[in-house]
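Asks: First the structure, which I've put down as structure tokens, then a few questions once you've had a look.
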Amino acid sequence: MITAKPFLKDAAVYLVDDDPAIRDSLAFLLMSRQMRAIPFESGEALLGALPLEPFSCIILDMRMGGLSGLETFNRLKAAGSEAPVVFLTGHGDVPVAVEALKTGAADFIEKPFNDNQLVNTVIACLEKRFGKMAESRQRAIIEQQLQQLSTRELDVLKLLMAGMLNKQIADALSISMRTVEVHRARILAKMQARNAVELAANLASHGIELA
């Protein structure tokens with residue numbers, strides 16, 4: 001039994017297959033699990049819809065008339081699409097699908113596929129995408145907070161993150177301990193951190209280094 005997850009209702013799942021019966025069955029399957037399905041009959045049609053919704057996943061048939069699934073995938077990457085791609089493959093396409101995984105595809109499902117397996121794969125891709133988007137948003141917030149610091153506050157922050165005590169920072173910057181304490185309090189307030197340890201952890205967890 002697959003439990004519906006609240007964030008799924010905000011996701012778009014693009015279905016790309018030149019077989020209308022498969023498109024219809026997949027759309028019904030996904031919608032029954034509270035996901036929004038957007039069908040396309042070809043890779044060209046999908047590419048014509050760029051840019052895709054940021055929170056999305058693509059189910060892409062490997063073999064289609066016109067552009068193949070792999071060609072479509074390569075053009076999506078070239079266009080900068082970050083939507084995870086799950087390939088639908090026949091037995092003979094598995095080696096190609098494995099190569100696609102090495103270049104960034106999320107997964108592949110071999111036909112005939114199990115409904116639960118496909119849905120679980122799509123949900124896993126969307127969960128990962130949701131996490132990456134949340135990470136990007138949080139990093140942007142922290143970078144914006146850093147931009148709000150004055151030049152002196154940034155100087156104090158760099159020394160603080162280097163592990164210096166208030167007195168050492170005061171000596172290094174030729175300012176009073178009281179001034180360091182004031183700057184430190186303002187830094188924590190602007191960065192929305194309770195203390196220096198939490199601030200250091202926030203910066204490190206988002207891969208932000210102070211130049």
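Here, A, B, ... name the chains of the structure tokens in the order displayed, residue numbers run from 1 inside each chain, and ligands are numbered from 1 in the same displayed order.
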Write out as a list of chain:residue names which residues come within 10 Å of Ala97 of chain A when counting only C-alpha atoms, dropping same-chain ones fewer than 4 positions away.

Replies: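 Answer for this query is A:Met62, A:Gly69, A:Leu70, A:Val86, A:Phe87, A:Leu88, A:Thr89, A:Gly90, A:Gly92, A:Asp93, A:Leu101, A:Lys102, A:Thr103, A:Ala105, A:Asp107, A:Phe108, A:Ile109, A:Glu110.
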
Asks: According to DSSP computed on the backbone, where in chain A is there strand (DSSP E or B)? Give the residues as a list in words.

Replies: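 Put together, the selection reads Ala12, Val13, Tyr14, Leu15, Val16, Arg36, Ala37, Ile38, Pro39, Phe40, Ser56, Cys57, Ile58, Ile59, Leu60, Asp61, Val85, Val86, Phe87, Leu88, Thr89, Asp107, Phe108, Ile109 and Glu110 of chain A.
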
Asks: Write out, as an mmCIF file, in the first residue's frame, the residues just selected, with N, CA, C and O atoms.

Replies:
```
data_model
loop_
_atom_site.group_PDB
_atom_site.id
_atom_site.type_symbol
_atom_site.label_atom_id
_atom_site.label_comp_id
_atom_site.auth_asym_id
_atom_site.auth_seq_id
_atom_site.Cartn_x
_atom_site.Cartn_y
_atom_site.Cartn_z
ATOM 1 N N ALA A 12 4.506 17.865 -10.996
ATOM 2 C CA ALA A 12 4.045 17.543 -12.352
ATOM 3 C C ALA A 12 4.838 16.335 -12.845
ATOM 4 O O ALA A 12 6.068 16.310 -12.727
ATOM 5 N N VAL A 13 4.145 15.326 -13.357
ATOM 6 C CA VAL A 13 4.816 14.158 -13.931
ATOM 7 C C VAL A 13 4.539 14.157 -15.431
ATOM 8 O O VAL A 13 3.405 13.989 -15.867
ATOM 9 N N TYR A 14 5.588 14.379 -16.210
ATOM 10 C CA TYR A 14 5.455 14.411 -17.664
ATOM 11 C C TYR A 14 5.576 12.991 -18.217
ATOM 12 O O TYR A 14 6.558 12.297 -17.942
ATOM 13 N N LEU A 15 4.569 12.576 -18.973
ATOM 14 C CA LEU A 15 4.551 11.239 -19.574
ATOM 15 C C LEU A 15 4.846 11.370 -21.061
ATOM 16 O O LEU A 15 4.097 12.013 -21.791
ATOM 17 N N VAL A 16 5.915 10.743 -21.511
ATOM 18 C CA VAL A 16 6.292 10.861 -22.927
ATOM 19 C C VAL A 16 6.347 9.472 -23.540
ATOM 20 O O VAL A 16 7.261 8.684 -23.271
ATOM 21 N N ARG A 36 -0.176 14.726 -10.586
ATOM 22 C CA ARG A 36 -0.684 15.395 -11.788
ATOM 23 C C ARG A 36 0.113 14.931 -12.995
ATOM 24 O O ARG A 36 1.322 15.139 -13.082
ATOM 25 N N ALA A 37 -0.563 14.279 -13.930
ATOM 26 C CA ALA A 37 0.096 13.730 -15.114
ATOM 27 C C ALA A 37 -0.103 14.664 -16.311
ATOM 28 O O ALA A 37 -1.202 15.141 -16.567
ATOM 29 N N ILE A 38 0.989 14.908 -17.049
ATOM 30 C CA ILE A 38 0.943 15.756 -18.247
ATOM 31 C C ILE A 38 1.500 14.928 -19.408
ATOM 32 O O ILE A 38 2.715 14.724 -19.507
ATOM 33 N N PRO A 39 0.625 14.415 -20.284
ATOM 34 C CA PRO A 39 1.089 13.511 -21.341
ATOM 35 C C PRO A 39 1.604 14.231 -22.599
ATOM 36 O O PRO A 39 1.115 15.300 -22.956
ATOM 37 N N PHE A 40 2.596 13.615 -23.237
ATOM 38 C CA PHE A 40 3.119 14.082 -24.526
ATOM 39 C C PHE A 40 3.316 12.873 -25.425
ATOM 40 O O PHE A 40 3.757 11.810 -24.973
ATOM 41 N N SER A 56 9.143 18.642 -10.860
ATOM 42 C CA SER A 56 8.565 17.695 -11.816
ATOM 43 C C SER A 56 9.472 16.489 -11.992
ATOM 44 O O SER A 56 10.615 16.466 -11.543
ATOM 45 N N CYS A 57 8.922 15.485 -12.654
ATOM 46 C CA CYS A 57 9.630 14.260 -12.998
ATOM 47 C C CYS A 57 9.166 13.870 -14.395
ATOM 48 O O CYS A 57 8.044 14.210 -14.802
ATOM 49 N N ILE A 58 10.014 13.190 -15.147
ATOM 50 C CA ILE A 58 9.677 12.799 -16.516
ATOM 51 C C ILE A 58 9.736 11.282 -16.650
ATOM 52 O O ILE A 58 10.729 10.651 -16.265
ATOM 53 N N ILE A 59 8.667 10.690 -17.166
ATOM 54 C CA ILE A 59 8.670 9.278 -17.552
ATOM 55 C C ILE A 59 8.819 9.256 -19.061
ATOM 56 O O ILE A 59 7.958 9.765 -19.791
ATOM 57 N N LEU A 60 9.907 8.685 -19.536
ATOM 58 C CA LEU A 60 10.284 8.830 -20.943
ATOM 59 C C LEU A 60 10.509 7.467 -21.589
ATOM 60 O O LEU A 60 11.376 6.695 -21.148
ATOM 61 N N ASP A 61 9.710 7.167 -22.606
ATOM 62 C CA ASP A 61 9.875 5.905 -23.322
ATOM 63 C C ASP A 61 11.173 5.942 -24.120
ATOM 64 O O ASP A 61 11.503 6.948 -24.753
ATOM 65 N N VAL A 85 14.630 11.977 -14.764
ATOM 66 C CA VAL A 85 14.059 11.221 -15.877
ATOM 67 C C VAL A 85 14.085 9.734 -15.564
ATOM 68 O O VAL A 85 15.128 9.173 -15.213
ATOM 69 N N VAL A 86 12.913 9.103 -15.685
ATOM 70 C CA VAL A 86 12.791 7.651 -15.542
ATOM 71 C C VAL A 86 12.475 7.089 -16.922
ATOM 72 O O VAL A 86 11.465 7.455 -17.525
ATOM 73 N N PHE A 87 13.336 6.219 -17.422
ATOM 74 C CA PHE A 87 13.124 5.628 -18.742
ATOM 75 C C PHE A 87 12.245 4.386 -18.657
ATOM 76 O O PHE A 87 12.367 3.586 -17.724
ATOM 77 N N LEU A 88 11.356 4.248 -19.623
ATOM 78 C CA LEU A 88 10.627 3.003 -19.838
ATOM 79 C C LEU A 88 11.345 2.269 -20.956
ATOM 80 O O LEU A 88 11.531 2.830 -22.051
ATOM 81 N N THR A 89 11.773 1.042 -20.707
ATOM 82 C CA THR A 89 12.583 0.343 -21.688
ATOM 83 C C THR A 89 12.047 -1.048 -21.971
ATOM 84 O O THR A 89 11.432 -1.688 -21.121
ATOM 85 N N ASP A 107 16.518 6.722 -13.247
ATOM 86 C CA ASP A 107 16.269 5.286 -13.126
ATOM 87 C C ASP A 107 15.680 4.794 -14.434
ATOM 88 O O ASP A 107 15.388 5.585 -15.342
ATOM 89 N N PHE A 108 15.505 3.484 -14.544
ATOM 90 C CA PHE A 108 14.756 2.937 -15.679
ATOM 91 C C PHE A 108 13.902 1.781 -15.199
ATOM 92 O O PHE A 108 14.236 1.073 -14.253
ATOM 93 N N ILE A 109 12.758 1.643 -15.848
ATOM 94 C CA ILE A 109 11.802 0.575 -15.539
ATOM 95 C C ILE A 109 11.616 -0.248 -16.809
ATOM 96 O O ILE A 109 11.321 0.294 -17.874
ATOM 97 N N GLU A 110 11.776 -1.548 -16.669
ATOM 98 C CA GLU A 110 11.669 -2.418 -17.831
ATOM 99 C C GLU A 110 10.216 -2.840 -18.050
ATOM 100 O O GLU A 110 9.498 -3.159 -17.098
#
```

Asks: With distances taken over only C-alpha atoms, which of A:Ile142, A:Ser81, A:Arg137, A:Asp10 is nearest to Ala201 of chain A?

Replies: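 Looking only at the distances to Ala201 of chain A, the closest residue turns out to be A:Ile142.
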
Asks: Could you pull out the helix (DSSP H, G or I) residues of segment 96-193 of chain A from DSSP and send them as a PyMOL selection string?

Replies: chain A and resi 96-102+115-147+151-161+166-173+177-190

Asks: For Leu154 of chain A, which residue among A:Ile141, A:Ala134, A:Leu118, A:Ala211 is the nearest when counting only C-alpha atoms?

Replies: A:Ala211
